[in-house]
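The block underneath contains the structure these notes are about, expressed in structure tokens.
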Amino acid sequence: MRVAVFGAGYAGLTVARRLERHAPDDVELVVVDESESHLVQHELHRVVRRPSLADTITVPLSAVLSEAEVRQARVTGIDADDGVATLAPVDGDGETTLEYDVGAVCLGAETAFYDLPGVEDHATPLKRLADARKIHDDTLTAAGGHAVVGGAGLSGVQVAGELAALSAAEGLDLDVTVVERSDSVASGFDPAFRTALRQELDARDVTVETGVGVKRADEDAVHLADGRTLPADVFVWTGGIHGPAAFEGDRPRVESDLQVSDSTFVVGDAGTVVGDDGTTAPASAQTAIRQARVTAKNVRQRIEEATDDSTESDGADDELATYEYDSLGWVVSVGDGAVAQVGPAVLSGEPARAAKAVIGAGHLSSVGALGDAADLVAEEFGWPTHESVVSLGDLPIKQVPTDPGSPSELQSTLGATGLALADAFAPSDAVDLTFVTRLADRRYPGSPVNLLERSVVSPLSLFGSQDENR
């Protein structure tokens with residue numbers, strides 16, 4: 001019996017690792033992805049400013065999948081009813097087919113350009129490492145110029161923050177503008193969360209244009225729907241998504257059992273998941289991972305139904321496991337700052353950055369990349385990397401069988417603490433606590449601690465360095 005997992009992002013890797021542990025030994029497990037590595041997608045924007053981080057947020061699939069056969073190919077078609085996938089080489093021509101008995105489509109989504117004239121030709125999306133590196137290189141050659149980000153969802157906010165931080169770090173004097181068709185950044189989220197994100201952008205001199213969409217683009221400008229033209233030496237597009245090529249750009253609707261046919265499940269951003277209460281799950285890493293846990297159970301059930309000869313053939317299968325959307329919260333970085341919503345509490349500064357680092361490190365450690373996890377935290381807080389301190393092989397670390405769908409002990413503790421704090425302040429509605437957390441945020445421009453550091457600590461450190469050189 002062959003089980004195929006298409007895609008090795010958050011959802012695909014979670015499904016595959018769980019099946020490696022729990023599927024019968026005689027099941028052939030095949031994982032298909034166009035890359036040989038797993039990418040920690042929610043940290044990709046960091047590479048815009050720090051290209052060296054690319055090695056930390058990529059993990060070779062061969063290092064985290066021990067039993068599955070990994071095939072590097074593009075999935076160009078899925079026949080969910082017949083259980084047949086069409087594959088094409090990453091480089092080159094020709095197609096082959098892969099038949100499967102049970103399949104999980106975890107291909108994610110692609111950037112949607114909505115046929116806006118010139119946008120796809122002149123904008124760079126942010127989906128792959130090559131995109132982040134191109135944005136970095138283009139920005140370094142645009143000193144004194146203008147950068148425009150199309151779309152102020154969470155991805156757009158994060159890349160705008162990185163562009164502003166890169167400009168400040170390199171002395172580029174770059175004007176950064178983010179354009180959003182909706183009336184606010186991060187539309188669809190709680191007002192307190194949206195407001196906190198907007199304040200982080202404002203503090204970093206990012207111009208925010210809301211209530212206006214992009215009409216078209218050319219080589220050096222972005223033209224808005226209201227008739228204005230923005231000069232654009234750098235143009236990044238994060239304005240929306242559509243389904244993968246395997247589904248001809250569609251995101252097929254699936255219900256809470258995630259089943260698109262008897263033998264095929266669609267997981268994460270590749271589909272539109274609508275719960276029993278009619279709620280549509282948002283496209284995000286946390287929803288993809290949690291859906292993948294449900295899918296792994298359902299794939300195992302399909303395997304058992306096909307192989308258990310003792311099951312009475314009464315024409316009825318056991319009920320499949322179901323997914324119910326329930327947000328764990330949101331964490332967004334804005335340059336060196338961050339905003340987190342845990343339950344109804346909205347936080348910024350060190351608590352939010354800690355949450356961001358813990359989530360990324362928790363995911364990496366859960367797939368066995370402990371060194372990368374340590375380095376990601378080190379990058380966030382400016383600590384020494386694990387290699388400069390001690391070899392992880394020398395530490396008494398107990399490897400536990402887990403996966404990205406199971407939060408680490410640290411993540412669980414952080415979440416429980418945040419939820420308890422949130423309940424104490426606001427039992428139901430979101431409440432903005434950033435006015436408190438920003439007071440001690442040394443990375444928030446204009447905060448008391450930031451001003452103190454700039455006016456007192458930095459000059460003193462300069463004198464100290466001179467004394468050391470005498």
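Naming works like this for the structure tokens: A, B, ... for the chains as they're shown, residue 1 at the start of each chain, ligands 1 onward in shown order.
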
Backbone-only DSSP, helix (DSSP H, G or I) members of region 160-353 of chain A, as number ranges by chain: A: 160-170, 191-203, 245-247, 268-270, 285-307, 350-353

From the list A:Gly144, A:Glu99, A:Val105, A:Thr111, which residue is nearest Gly268 (chain A) when using only C-alpha atoms? A:Val105

Strand (DSSP E) residues, from DSSP on the backbone, in region 50-264 of chain A, as a PyMOL selection string: chain A and resi 58-60+69-72+74-79+84-88+96-99+102-105+110-111+146-150+175-180+207-210+214-218+221-224+229-231+234-237+241-242+253-254+259-261+264

List the neighbours of Leu29 (chain A) out to 9 Å using only C-alpha atoms; skip same-chain residues closer than 3 positions along the sequence, and give me the result as a list of chain:residue names.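 With the cut-off at 9 Å, the set is A:Met1, A:Arg2, A:Val3, A:Ala4, A:Val5, A:Ala16, A:Leu19, A:Glu20, A:Ala23, A:Glu67, A:Ala68, A:Glu69, A:Val70.
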
Residues near Glu43 (chain A), cut-off 10 Å, only C-alpha atoms, skip fewer than 2 positions along chain, as a ChimeraX atom specification: /A:39-41,45-47,53-54,56-57,158,333,356-357,360,376

Residues at most 12 Å from Leu197 (chain A), counting only C-alpha atoms, excluding those fewer than 2 positions away in the same chain, as a PyMOL selection string? chain A and resi 152-158+160-161+184-187+189-195+199-204+206+208+330-335+337-341+346-349+352+432+434

Quick one, how far is CA of Asp233 (chain A) from CA of His146 (chain A)?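 So the answer is 5.4 Å.
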